[in-house]
Amino acid sequence: MLTSIRKKVLAGKRISEEDALHLFESDDIFTLGALASHVARKKNGPHAFFIRNRHINPTNICINRCKFCAFSRSKGQQGAFELTIEDMINKLGEGQKAKGKGPGNGRSSRSPRLITPGFSEVHIVGGLHPDWPLEHYLEMISTIKKKFPKLHIKAFTAVEIDYFSKISGRSVEDTLRDLKKSGLGSMPGGGAEIFGEGIRNQLCPEKISGDRWLEVMETAHRVGIRTNATMLYGHVEDISDRVDHLSRLRSLQDRTKGFQAFIPLAYHPKNTEIAGGYTSGIDDLKTIAVGRIFLDNFDHIKAYWIMLGEKISQLALLFGADDIDGTIIEEKITHSAGALTGEKLVAEQLVDLIRKAGKAAVERDSFYKTIRTYR
Ligand code: V47
Ligand code: SF4
């Protein structure tokens with residue numbers, strides 16, 4: 001079976017859902033890695049990307065309270081937090097120069113090999129707050145954009161967008177257009193979890209359906225907002241749920257071409273209501289590799305080092321991944337659920353990690369344009 005799949009992949013042909021199931025079932029991890037690497041190399045050559053970014057969560061107060069989420073709190077519960085827009089500006093100001101004070105990510109002229117502080121992208125996601133109106137989010141984005149015009153704002157999952165549309169009474173399309181006008185640059189891929197209804201009901205009964213998630217993303221792509229896509233794995237799903245999830249992503253991407261990267265998210269069990277352990281390194285690498293081979297219409301596969309750890313992310317670069325995400329600086333979602341990693345890496349560490357995997361490290365912008373290549 002693996003031989004016929006291998007032939008298809010080497011001939012540049014699309015593999016079927018059945019093939020993907022076989023790949024997940026196979027113990028031949030080396031063949032899987034070689035095939036996924038072949039696809040990655042055809043798409044991105046020897047390059048592996050990273051970005052200088054910063055995560056900010058405006059609030060962890062959320063009306064959904066998904067069972068796998070250790071980050072969220074109910075209003076008034078101990079540990080609940082709300083950042084003001086000013087708090088967010090102050091956090092961004094810590095590593096970035098505001099308008100009028102020079103560029104945010106210039107390089108040291110005395111030491112051109114050194115990467116100086118600053119970031120090119122902010123990643124903003126949070127809980128579904130019971131009281132904040134859409135106007136608050138519009139003001140958040142436009143204030144950040146005014147203060148830091150060069151900063152790319154990647155913000156709000158499809159789940160948040162659906163919620164903003166519901167609370168404002170505006171259509172998803174108009175909500176997205178308003179956010180885009182305010183300065184939204186792109187959207188992250190969170191909230192996808194597993195699309196299949198049975199699993200989704202066990203994980204997050206209050207969350208929008210898989211079909212709705214896809215619909216919101218389709219609308220985002222239509223209005224010109226590029227997005228990512230994720231899949232949360234390693235909890236109660238089985239491999240057929242994973243393949244169904246990947247298949248729905250592939251079908252939408254065939255129609256819109258709006259997804260930039262696929263990011264498998266390794267489940268972290270601590271402080272959650274879903275029992276289970278951490279994912280194994282083999283499962284992490286397989287999931288990256290099958291994602292790379294199956295999603296032939298995605299340009300990028302991201303090995304998110306915060307969830308996979310530095311060492312598995314580095315190995316993932318030999319199993320089909322071409323991106324390890326970024327500097328992050330502050331990470332709360334995975335760390336609430338028992339992340340074993342630190343919260344940040346400096347760009348030099350990311351470059352080192354990529355180089356030691358034998359790849360050419362590329363600092364990218366939010367649309368995978370090269371900012372700088374490290375040979
Ligand atoms: O939506 C929540 C997941 C997501 C847990 O698009 C958990 O570039 C594991 O989507 N164990 C947020 N995962 C993270 C995310 C993301 C991260 C990095 C880059 C991008 C991107 C997107 O984390 C949530 C949810 O799916 N999550 N709880 C948990 N216990
Ligand atoms: Fe809320 Fe997102 Fe956590 Fe679900 S995963 S409880 S929607 S913050």
# chains A, B, ... in the order shown; residues from 1 in each chain; ligands from 1
>>> residues_around(residues="Glu121 in chain A", least_positions_apart="4", cutoff="7 Å", atoms="only C-alpha atoms", output="ChimeraX atom specification")
/A:52-54,151-154,366
>>> write_last_selection(atoms="N, CA, C and O atoms", output="short mmCIF file (atom, residue, chain, number, x, y, z; two decimals), in the first residue's frame")
data_model
loop_
_atom_site.label_atom_id
_atom_site.label_comp_id
_atom_site.auth_asym_id
_atom_site.auth_seq_id
_atom_site.Cartn_x
_atom_site.Cartn_y
_atom_site.Cartn_z
N ARG A 52 9.27 37.07 13.50
CA ARG A 52 9.37 37.77 14.79
C ARG A 52 7.97 38.29 15.12
O ARG A 52 7.46 39.19 14.46
N ASN A 53 7.35 37.64 16.09
CA ASN A 53 5.97 38.00 16.43
C ASN A 53 5.78 38.09 17.93
O ASN A 53 6.68 37.75 18.72
N ARG A 54 4.59 38.55 18.30
CA ARG A 54 4.24 38.60 19.72
C ARG A 54 2.78 38.22 19.85
O ARG A 54 1.93 38.68 19.06
N LEU A 151 3.20 47.44 11.86
CA LEU A 151 2.96 46.13 12.49
C LEU A 151 1.79 45.42 11.80
O LEU A 151 0.72 46.01 11.62
N HIS A 152 1.99 44.16 11.43
CA HIS A 152 0.90 43.38 10.85
C HIS A 152 0.03 42.84 11.99
O HIS A 152 0.55 42.25 12.94
N ILE A 153 -1.27 43.02 11.86
CA ILE A 153 -2.18 42.53 12.91
C ILE A 153 -2.88 41.27 12.40
O ILE A 153 -3.72 41.32 11.49
N LYS A 154 -2.50 40.14 12.99
CA LYS A 154 -3.19 38.85 12.70
C LYS A 154 -4.07 38.60 13.91
O LYS A 154 -3.56 38.41 15.02
N SER A 366 4.23 38.32 7.34
CA SER A 366 2.99 37.58 7.61
C SER A 366 2.42 36.89 6.38
O SER A 366 1.53 36.06 6.49
#
>>> closest_atom_pairs(of="chain A", to="ligand 1", cutoff="8 Å", atoms="only C-alpha atoms and all ligand atoms", output="Markdown table")
| residue | atom | partner | partner_atom_place_in_ligand_line | distance |
| --- | --- | --- | --- | --- |
| A:Phe68 | CA | ligand 1 | 30 (N) | 5.0 |
| A:Cys69 | CA | ligand 1 | 28 (N) | 4.0 |
| A:Ala70 | CA | ligand 1 | 30 (N) | 5.9 |
| A:Phe71 | CA | ligand 1 | 28 (N) | 6.9 |
| A:His123 | CA | ligand 1 | 8 (O) | 7.7 |
| A:Val125 | CA | ligand 1 | 12 (C) | 7.6 |
| A:Thr157 | CA | ligand 1 | 1 (O) | 7.1 |
| A:Met187 | CA | ligand 1 | 6 (O) | 6.8 |
| A:Pro188 | CA | ligand 1 | 6 (O) | 3.3 |
| A:Gly189 | CA | ligand 1 | 6 (O) | 3.9 |
| A:Gly190 | CA | ligand 1 | 10 (O) | 3.1 |
| A:Gly191 | CA | ligand 1 | 1 (O) | 3.8 |
| A:Ala192 | CA | ligand 1 | 26 (O) | 6.1 |
| A:Glu193 | CA | ligand 1 | 26 (O) | 5.1 |
| A:Thr227 | CA | ligand 1 | 6 (O) | 7.1 |
| A:Asn228 | CA | ligand 1 | 6 (O) | 4.8 |
| A:Ala229 | CA | ligand 1 | 6 (O) | 6.3 |
| A:Thr230 | CA | ligand 1 | 10 (O) | 6.2 |
| A:Met231 | CA | ligand 1 | 26 (O) | 6.9 |
| A:Leu232 | CA | ligand 1 | 26 (O) | 5.6 |
| A:Tyr233 | CA | ligand 1 | 9 (C) | 7.9 |
| A:Ala261 | CA | ligand 1 | 8 (O) | 7.4 |
| A:Phe262 | CA | ligand 1 | 6 (O) | 7.9 |
| A:Ile263 | CA | ligand 1 | 20 (C) | 6.8 |
| A:Leu265 | CA | ligand 1 | 13 (N) | 5.5 |
| A:Ala266 | CA | ligand 1 | 9 (C) | 5.3 |
| A:Tyr267 | CA | ligand 1 | 9 (C) | 3.8 |
| A:His268 | CA | ligand 1 | 11 (N) | 3.7 |
| A:Pro269 | CA | ligand 1 | 30 (N) | 5.4 |
| A:Lys270 | CA | ligand 1 | 30 (N) | 7.0 |
| A:Thr272 | CA | ligand 1 | 30 (N) | 6.5 |
| A:Lys302 | CA | ligand 1 | 8 (O) | 7.9 |
| A:Tyr304 | CA | ligand 1 | 18 (C) | 6.1 |
| A:Met307 | CA | ligand 1 | 9 (C) | 7.1 |
| A:Asp325 | CA | ligand 1 | 19 (C) | 6.8 |
| A:Ile333 | CA | ligand 1 | 2 (C) | 5.9 |
| A:Thr334 | CA | ligand 1 | 29 (C) | 5.6 |
| A:Ser336 | CA | ligand 1 | 30 (N) | 7.6 |
| A:Ala337 | CA | ligand 1 | 30 (N) | 4.9 |
| A:Gly338 | CA | ligand 1 | 30 (N) | 7.9 |
>>> residues_around(residues="Asn44 in chain A", least_positions_apart="4", cutoff="10 Å", atoms="only C-alpha atoms", output="short mmCIF file (atom, residue, chain, number, x, y, z; two decimals) with C-alpha atoms, in the first residue's frame")
data_model
loop_
_atom_site.label_atom_id
_atom_site.label_comp_id
_atom_site.auth_asym_id
_atom_site.auth_seq_id
_atom_site.Cartn_x
_atom_site.Cartn_y
_atom_site.Cartn_z
CA VAL A 39 6.60 17.57 -1.01
CA ALA A 40 7.97 20.30 1.29
CA ALA A 48 12.33 26.95 6.67
CA PHE A 49 10.59 30.04 7.95
CA ASP A 299 1.87 26.15 0.71
CA HIS A 300 3.00 25.90 4.32
CA ALA A 321 7.12 21.30 8.05
CA ASP A 322 8.64 24.48 6.62
#
>>> closest_residue(among="A:Gln260, A:Asn90, A:Ser171, A:Thr279", to="Leu308 in chain A", atoms="only C-alpha atoms")
A:Thr279
>>> residues_near_ligand(ligand="ligand 2", cutoff="6 Å", atoms="only C-alpha atoms and all ligand atoms", output="number ranges by chain")
A: 62, 64-66, 69, 71-72, 126-128
>>> write_last_selection(atoms="N, CA, C and O atoms", output="PDB file, in the first residue's frame")
ATOM      1  N   CYS A  62     -14.596  33.909  28.805  1.00  0.00           N
ATOM      2  CA  CYS A  62     -15.187  33.288  27.616  1.00  0.00           C
ATOM      3  C   CYS A  62     -16.498  32.600  27.980  1.00  0.00           C
ATOM      4  O   CYS A  62     -16.565  31.863  28.964  1.00  0.00           O
ATOM      5  N   ASN A  64     -17.865  30.324  26.187  1.00  0.00           N
ATOM      6  CA  ASN A  64     -17.929  28.962  25.634  1.00  0.00           C
ATOM      7  C   ASN A  64     -17.447  27.887  26.601  1.00  0.00           C
ATOM      8  O   ASN A  64     -18.027  26.809  26.664  1.00  0.00           O
ATOM      9  N   ARG A  65     -16.358  28.155  27.286  1.00  0.00           N
ATOM     10  CA  ARG A  65     -15.749  27.215  28.250  1.00  0.00           C
ATOM     11  C   ARG A  65     -15.588  25.803  27.663  1.00  0.00           C
ATOM     12  O   ARG A  65     -16.107  24.812  28.218  1.00  0.00           O
ATOM     13  N   CYS A  66     -14.862  25.714  26.561  1.00  0.00           N
ATOM     14  CA  CYS A  66     -14.587  24.410  25.935  1.00  0.00           C
ATOM     15  C   CYS A  66     -13.889  23.504  26.949  1.00  0.00           C
ATOM     16  O   CYS A  66     -13.085  23.959  27.753  1.00  0.00           O
ATOM     17  N   CYS A  69     -10.035  23.471  27.205  1.00  0.00           N
ATOM     18  CA  CYS A  69      -9.377  24.778  27.314  1.00  0.00           C
ATOM     19  C   CYS A  69      -9.114  25.123  28.779  1.00  0.00           C
ATOM     20  O   CYS A  69     -10.044  25.313  29.554  1.00  0.00           O
ATOM     21  N   PHE A  71      -7.318  27.749  29.563  1.00  0.00           N
ATOM     22  CA  PHE A  71      -7.023  29.185  29.531  1.00  0.00           C
ATOM     23  C   PHE A  71      -8.232  30.020  29.961  1.00  0.00           C
ATOM     24  O   PHE A  71      -8.095  31.014  30.671  1.00  0.00           O
ATOM     25  N   SER A  72      -9.426  29.574  29.597  1.00  0.00           N
ATOM     26  CA  SER A  72     -10.606  30.429  29.775  1.00  0.00           C
ATOM     27  C   SER A  72     -11.117  30.440  31.216  1.00  0.00           C
ATOM     28  O   SER A  72     -10.887  29.508  31.988  1.00  0.00           O
ATOM     29  N   GLY A 126      -8.575  35.806  21.843  1.00  0.00           N
ATOM     30  CA  GLY A 126      -9.037  35.803  23.231  1.00  0.00           C
ATOM     31  C   GLY A 126     -10.354  35.059  23.377  1.00  0.00           C
ATOM     32  O   GLY A 126     -10.856  34.454  22.427  1.00  0.00           O
ATOM     33  N   GLY A 127     -10.890  35.125  24.587  1.00  0.00           N
ATOM     34  CA  GLY A 127     -12.171  34.488  24.868  1.00  0.00           C
ATOM     35  C   GLY A 127     -13.331  35.282  24.273  1.00  0.00           C
ATOM     36  O   GLY A 127     -13.156  36.420  23.809  1.00  0.00           O
ATOM     37  N   LEU A 128     -14.509  34.676  24.289  1.00  0.00           N
ATOM     38  CA  LEU A 128     -15.722  35.367  23.823  1.00  0.00           C
ATOM     39  C   LEU A 128     -16.287  36.121  25.030  1.00  0.00           C
ATOM     40  O   LEU A 128     -16.968  35.536  25.884  1.00  0.00           O
TER      41      LEU A 128
END
>>> select_by_dssp(residues="range 158-218 of chain A", states="alpha helix (DSSP H)", output="ChimeraX atom specification")
/A:158-168,172-182,197-203,210-218
>>> write_last_selection(atoms="N, CA, C and O atoms", output="short mmCIF file (atom, residue, chain, number, x, y, z; two decimals), in the first residue's frame")
data_model
loop_
_atom_site.label_atom_id
_atom_site.label_comp_id
_atom_site.auth_asym_id
_atom_site.auth_seq_id
_atom_site.Cartn_x
_atom_site.Cartn_y
_atom_site.Cartn_z
N ALA A 158 -12.02 32.25 13.63
CA ALA A 158 -13.36 32.20 13.01
C ALA A 158 -14.44 32.17 14.09
O ALA A 158 -15.55 32.68 13.88
N VAL A 159 -14.12 31.58 15.24
CA VAL A 159 -15.09 31.49 16.34
C VAL A 159 -15.38 32.90 16.89
O VAL A 159 -16.54 33.26 17.14
N GLU A 160 -14.34 33.70 17.04
CA GLU A 160 -14.54 35.08 17.51
C GLU A 160 -15.30 35.91 16.48
O GLU A 160 -16.21 36.67 16.82
N ILE A 161 -14.95 35.74 15.22
CA ILE A 161 -15.62 36.52 14.16
C ILE A 161 -17.12 36.20 14.14
O ILE A 161 -17.97 37.11 14.08
N ASP A 162 -17.45 34.93 14.25
CA ASP A 162 -18.86 34.53 14.28
C ASP A 162 -19.55 35.20 15.48
O ASP A 162 -20.68 35.71 15.36
N TYR A 163 -18.85 35.23 16.61
CA TYR A 163 -19.42 35.83 17.83
C TYR A 163 -19.61 37.34 17.65
O TYR A 163 -20.67 37.89 18.00
N PHE A 164 -18.61 38.02 17.08
CA PHE A 164 -18.74 39.47 16.85
C PHE A 164 -19.93 39.76 15.96
O PHE A 164 -20.66 40.75 16.15
N SER A 165 -20.12 38.90 14.97
CA SER A 165 -21.23 39.11 14.05
C SER A 165 -22.56 38.94 14.79
O SER A 165 -23.49 39.75 14.62
N LYS A 166 -22.63 37.93 15.64
CA LYS A 166 -23.88 37.69 16.39
C LYS A 166 -24.19 38.84 17.33
O LYS A 166 -25.32 39.33 17.40
N ILE A 167 -23.17 39.32 18.09
CA ILE A 167 -23.46 40.36 19.10
C ILE A 167 -23.72 41.72 18.45
O ILE A 167 -24.37 42.56 19.05
N SER A 168 -23.22 41.91 17.23
CA SER A 168 -23.40 43.22 16.60
C SER A 168 -24.61 43.24 15.67
O SER A 168 -25.06 44.32 15.26
N VAL A 172 -21.41 38.28 8.86
CA VAL A 172 -19.99 37.93 9.00
C VAL A 172 -19.18 38.74 7.99
O VAL A 172 -18.12 39.28 8.32
N GLU A 173 -19.72 38.87 6.78
CA GLU A 173 -18.98 39.60 5.76
C GLU A 173 -18.75 41.06 6.16
O GLU A 173 -17.65 41.59 6.06
N ASP A 174 -19.80 41.72 6.64
CA ASP A 174 -19.65 43.13 7.03
C ASP A 174 -18.73 43.27 8.25
O ASP A 174 -17.95 44.22 8.34
N THR A 175 -18.85 42.30 9.17
CA THR A 175 -17.98 42.34 10.36
C THR A 175 -16.51 42.27 9.91
O THR A 175 -15.65 43.03 10.38
N LEU A 176 -16.24 41.35 9.00
CA LEU A 176 -14.86 41.20 8.52
C LEU A 176 -14.40 42.44 7.75
O LEU A 176 -13.26 42.89 7.91
N ARG A 177 -15.31 43.01 6.95
CA ARG A 177 -14.93 44.22 6.19
C ARG A 177 -14.62 45.37 7.14
O ARG A 177 -13.66 46.12 6.94
N ASP A 178 -15.42 45.50 8.21
CA ASP A 178 -15.17 46.57 9.20
C ASP A 178 -13.81 46.38 9.86
O ASP A 178 -13.05 47.32 10.06
N LEU A 179 -13.52 45.12 10.23
CA LEU A 179 -12.24 44.85 10.90
C LEU A 179 -11.08 45.10 9.95
O LEU A 179 -10.05 45.66 10.34
N LYS A 180 -11.28 44.73 8.69
CA LYS A 180 -10.22 44.93 7.69
C LYS A 180 -9.94 46.43 7.52
O LYS A 180 -8.79 46.87 7.48
N LYS A 181 -11.04 47.21 7.47
CA LYS A 181 -10.89 48.66 7.33
C LYS A 181 -10.14 49.25 8.52
O LYS A 181 -9.40 50.22 8.40
N SER A 182 -10.36 48.65 9.70
CA SER A 182 -9.70 49.16 10.91
C SER A 182 -8.23 48.78 10.97
O SER A 182 -7.50 49.30 11.81
N GLU A 197 -18.81 16.21 14.05
CA GLU A 197 -19.79 16.63 15.06
C GLU A 197 -19.69 15.88 16.39
O GLU A 197 -19.77 16.49 17.46
N GLY A 198 -19.51 14.55 16.30
CA GLY A 198 -19.48 13.73 17.52
C GLY A 198 -18.36 14.15 18.44
O GLY A 198 -18.57 14.36 19.65
N ILE A 199 -17.18 14.29 17.89
CA ILE A 199 -16.01 14.68 18.70
C ILE A 199 -16.18 16.11 19.18
O ILE A 199 -15.91 16.45 20.34
N ARG A 200 -16.64 16.97 18.28
CA ARG A 200 -16.79 18.39 18.63
C ARG A 200 -17.75 18.55 19.81
O ARG A 200 -17.53 19.36 20.69
N ASN A 201 -18.82 17.76 19.81
CA ASN A 201 -19.78 17.84 20.92
C ASN A 201 -19.17 17.39 22.24
O ASN A 201 -19.54 17.89 23.29
N GLN A 202 -18.23 16.45 22.17
CA GLN A 202 -17.56 16.05 23.41
C GLN A 202 -16.56 17.10 23.88
O GLN A 202 -16.38 17.31 25.07
N LEU A 203 -15.91 17.76 22.92
CA LEU A 203 -14.84 18.71 23.27
C LEU A 203 -15.35 20.08 23.64
O LEU A 203 -14.87 20.73 24.57
N GLY A 210 -18.21 22.74 12.96
CA GLY A 210 -17.13 22.70 11.99
C GLY A 210 -17.54 23.36 10.68
O GLY A 210 -16.76 24.11 10.07
N ASP A 211 -18.77 23.11 10.26
CA ASP A 211 -19.24 23.71 9.00
C ASP A 211 -19.26 25.23 9.08
O ASP A 211 -18.91 25.94 8.14
N ARG A 212 -19.68 25.74 10.25
CA ARG A 212 -19.73 27.20 10.42
C ARG A 212 -18.31 27.79 10.40
O ARG A 212 -18.08 28.85 9.83
N TRP A 213 -17.37 27.09 11.05
CA TRP A 213 -15.97 27.56 11.04
C TRP A 213 -15.50 27.71 9.59
O TRP A 213 -14.91 28.71 9.21
N LEU A 214 -15.82 26.70 8.79
CA LEU A 214 -15.38 26.71 7.39
C LEU A 214 -16.07 27.83 6.61
O LEU A 214 -15.48 28.49 5.75
N GLU A 215 -17.33 28.06 6.95
CA GLU A 215 -18.11 29.11 6.27
C GLU A 215 -17.51 30.49 6.57
O GLU A 215 -17.39 31.33 5.67
N VAL A 216 -17.16 30.72 7.84
CA VAL A 216 -16.56 32.02 8.21
C VAL A 216 -15.24 32.20 7.48
O VAL A 216 -14.95 33.28 6.93
N MET A 217 -14.44 31.11 7.42
CA MET A 217 -13.16 31.22 6.71
C MET A 217 -13.37 31.48 5.22
O MET A 217 -12.65 32.26 4.60
N GLU A 218 -14.37 30.84 4.65
CA GLU A 218 -14.66 31.07 3.23
C GLU A 218 -15.00 32.54 2.99
O GLU A 218 -14.55 33.16 2.02
#
>>> residues_around(residues="Ala20 in chain A", least_positions_apart="6", cutoff="8 Å", atoms="only C-alpha atoms", output="ChimeraX atom specification")
/A:243,290,294
>>> residues_around(residues="Arg375 in chain A", least_positions_apart="5", cutoff="12 Å", atoms="only C-alpha atoms", output="list of chain:residue names")
A:Pro46, A:His47, A:Ala48, A:Arg113, A:Val351, A:Asp352, A:Ile354, A:Arg355, A:Lys356, A:Gly358, A:Lys359, A:Ala360, A:Ala361, A:Val362, A:Glu363
>>> write_last_selection(atoms="N, CA and C atoms", output="CSV table (one decimal), in the first residue's frame")
chain,number,residue,atom,x,y,z
A,46,PRO,N,14.9,24.6,0.1
A,46,PRO,CA,15.5,24.2,1.3
A,46,PRO,C,15.1,25.1,2.5
A,47,HIS,N,14.2,26.0,2.3
A,47,HIS,CA,13.9,27.0,3.2
A,47,HIS,C,13.0,26.6,4.4
A,48,ALA,N,13.2,27.1,5.5
A,48,ALA,CA,12.3,27.0,6.7
A,48,ALA,C,12.2,28.3,7.3
A,113,ARG,N,25.0,41.1,11.6
A,113,ARG,CA,24.6,39.7,11.7
A,113,ARG,C,23.7,39.6,12.9
A,351,VAL,N,16.8,30.8,14.4
A,351,VAL,CA,17.8,30.6,13.2
A,351,VAL,C,18.6,29.4,13.5
A,352,ASP,N,19.2,29.3,14.7
A,352,ASP,CA,20.1,28.2,15.1
A,352,ASP,C,19.3,26.8,15.0
A,354,ILE,N,16.8,26.1,13.1
A,354,ILE,CA,16.5,25.7,11.7
A,354,ILE,C,17.8,25.3,11.0
A,355,ARG,N,18.9,26.0,11.2
A,355,ARG,CA,20.2,25.7,10.6
A,355,ARG,C,20.6,24.3,10.9
A,356,LYS,N,20.5,24.0,12.2
A,356,LYS,CA,21.0,22.7,12.6
A,356,LYS,C,20.1,21.5,12.1
A,358,GLY,N,19.6,21.6,9.0
A,358,GLY,CA,20.1,21.5,7.6
A,358,GLY,C,19.3,22.4,6.6
A,359,LYS,N,18.5,23.3,7.2
A,359,LYS,CA,17.7,24.1,6.3
A,359,LYS,C,18.2,25.6,6.3
A,360,ALA,N,17.8,26.3,5.2
A,360,ALA,CA,18.1,27.7,5.2
A,360,ALA,C,17.1,28.5,5.9
A,361,ALA,N,17.5,29.2,7.0
A,361,ALA,CA,16.5,29.9,7.8
A,361,ALA,C,16.1,31.2,7.1
A,362,VAL,N,14.8,31.4,7.1
A,362,VAL,CA,14.3,32.6,6.4
A,362,VAL,C,13.4,33.3,7.4
A,363,GLU,N,13.7,34.6,7.7
A,363,GLU,CA,12.7,35.4,8.5
A,363,GLU,C,11.7,35.9,7.5
>>> residues_around(residues="Ser16 in chain A", least_positions_apart="2", cutoff="12 Å", atoms="only C-alpha atoms", output="number ranges by chain")
A: 4-5, 8-9, 13-14, 18-23, 243-244, 246-247, 250, 290, 293-296
>>> write_last_selection(atoms="N, CA, C and O atoms", output="short mmCIF file (atom, residue, chain, number, x, y, z; two decimals), in the first residue's frame")
data_model
loop_
_atom_site.label_atom_id
_atom_site.label_comp_id
_atom_site.auth_asym_id
_atom_site.auth_seq_id
_atom_site.Cartn_x
_atom_site.Cartn_y
_atom_site.Cartn_z
N SER A 4 2.22 2.13 -3.39
CA SER A 4 1.36 2.83 -4.35
C SER A 4 1.18 4.30 -3.93
O SER A 4 1.11 5.19 -4.79
N ILE A 5 1.14 4.54 -2.63
CA ILE A 5 1.02 5.94 -2.18
C ILE A 5 2.30 6.70 -2.56
O ILE A 5 2.26 7.84 -3.03
N LYS A 8 2.26 7.72 -6.11
CA LYS A 8 1.38 8.89 -6.33
C LYS A 8 2.10 10.18 -5.91
O LYS A 8 2.10 11.17 -6.64
N VAL A 9 2.68 10.15 -4.72
CA VAL A 9 3.29 11.37 -4.18
C VAL A 9 4.45 11.81 -5.08
O VAL A 9 4.57 13.00 -5.42
N LYS A 13 0.78 13.43 -7.63
CA LYS A 13 -0.68 13.21 -7.66
C LYS A 13 -1.25 13.35 -6.26
O LYS A 13 -0.58 13.08 -5.27
N ARG A 14 -2.51 13.69 -6.20
CA ARG A 14 -3.21 13.86 -4.92
C ARG A 14 -3.48 12.50 -4.27
O ARG A 14 -3.87 11.56 -4.98
N GLU A 18 -8.41 7.50 2.00
CA GLU A 18 -7.99 6.14 2.36
C GLU A 18 -6.46 6.06 2.46
O GLU A 18 -5.92 5.45 3.39
N ASP A 19 -5.79 6.71 1.52
CA ASP A 19 -4.32 6.74 1.56
C ASP A 19 -3.85 7.41 2.86
O ASP A 19 -2.90 6.94 3.51
N ALA A 20 -4.50 8.49 3.20
CA ALA A 20 -4.09 9.23 4.42
C ALA A 20 -4.26 8.35 5.65
O ALA A 20 -3.40 8.35 6.56
N LEU A 21 -5.34 7.58 5.68
CA LEU A 21 -5.55 6.65 6.80
C LEU A 21 -4.40 5.64 6.87
O LEU A 21 -3.87 5.37 7.94
N HIS A 22 -4.01 5.13 5.71
CA HIS A 22 -2.89 4.17 5.67
C HIS A 22 -1.60 4.81 6.17
O HIS A 22 -0.82 4.18 6.88
N LEU A 23 -1.40 6.05 5.79
CA LEU A 23 -0.17 6.72 6.25
C LEU A 23 -0.17 6.85 7.77
O LEU A 23 0.84 6.63 8.43
N VAL A 243 -8.52 12.57 9.43
CA VAL A 243 -8.53 12.58 7.97
C VAL A 243 -9.75 13.35 7.44
O VAL A 243 -9.66 14.14 6.49
N ASP A 244 -10.88 13.17 8.11
CA ASP A 244 -12.09 13.92 7.71
C ASP A 244 -11.83 15.43 7.84
O ASP A 244 -12.19 16.22 6.95
N LEU A 246 -8.90 17.02 7.74
CA LEU A 246 -7.97 17.44 6.69
C LEU A 246 -8.67 17.54 5.34
O LEU A 246 -8.44 18.46 4.56
N SER A 247 -9.59 16.60 5.12
CA SER A 247 -10.29 16.57 3.84
C SER A 247 -11.19 17.79 3.66
O SER A 247 -11.26 18.38 2.57
N ARG A 250 -8.98 20.68 2.82
CA ARG A 250 -8.48 20.60 1.45
C ARG A 250 -9.55 21.02 0.45
O ARG A 250 -9.27 21.73 -0.52
N VAL A 290 1.66 13.63 7.46
CA VAL A 290 0.43 13.32 6.72
C VAL A 290 -0.22 14.65 6.27
O VAL A 290 -0.71 14.76 5.14
N ILE A 293 1.59 15.82 3.19
CA ILE A 293 1.35 15.04 1.97
C ILE A 293 -0.10 15.21 1.50
O ILE A 293 -0.37 15.41 0.31
N PHE A 294 -1.04 15.20 2.44
CA PHE A 294 -2.46 15.23 2.06
C PHE A 294 -2.89 16.63 1.57
O PHE A 294 -3.64 16.76 0.60
N LEU A 295 -2.41 17.65 2.27
CA LEU A 295 -2.85 19.03 1.93
C LEU A 295 -1.96 19.59 0.81
O LEU A 295 -1.18 20.52 1.01
N ASP A 296 -2.13 19.00 -0.36
CA ASP A 296 -1.26 19.38 -1.48
C ASP A 296 -1.52 20.79 -1.97
O ASP A 296 -0.73 21.35 -2.73
#
>>> select_by_dssp(residues="range 301-370 of chain A", states="strand (DSSP E or B)", output="count of residues only")
12
>>> atom_distance(atom1="CA of Phe156 in chain A", atom2="CA of Ile239 in chain A")
28.0 Å
>>> residues_around(residues="Glu343 in chain A", least_positions_apart="6", cutoff="12 Å", atoms="only C-alpha atoms", output="PyMOL selection string")
chain A and resi 54-55+305-307+309-310+326-336
>>> decode(residues="range 190-195 of chain A", atoms="N, CA, C and O atoms", output="compact mmCIF listing (two decimals), in the first residue's frame")
# COMPACT_ATOMS: atom_id res chain seq x y z
N GLY A 190 -7.01 29.24 14.64
CA GLY A 190 -7.54 28.56 15.83
C GLY A 190 -9.05 28.32 15.78
O GLY A 190 -9.75 28.80 14.88
N GLY A 191 -9.51 27.51 16.73
CA GLY A 191 -10.95 27.26 16.85
C GLY A 191 -11.45 26.15 15.96
O GLY A 191 -12.62 25.78 16.02
N ALA A 192 -10.57 25.57 15.15
CA ALA A 192 -11.02 24.52 14.23
C ALA A 192 -11.22 23.20 14.97
O ALA A 192 -12.13 22.43 14.65
N GLU A 193 -10.33 22.93 15.92
CA GLU A 193 -10.37 21.70 16.74
C GLU A 193 -10.48 20.48 15.83
O GLU A 193 -9.68 20.25 14.98
N ILE A 194 -11.58 19.71 15.98
CA ILE A 194 -11.88 18.62 15.04
C ILE A 194 -13.28 18.93 14.53
O ILE A 194 -14.19 19.21 15.31
N PHE A 195 -13.44 18.94 13.21
CA PHE A 195 -14.72 19.37 12.64
C PHE A 195 -15.87 18.40 12.91
O PHE A 195 -17.02 18.80 13.04
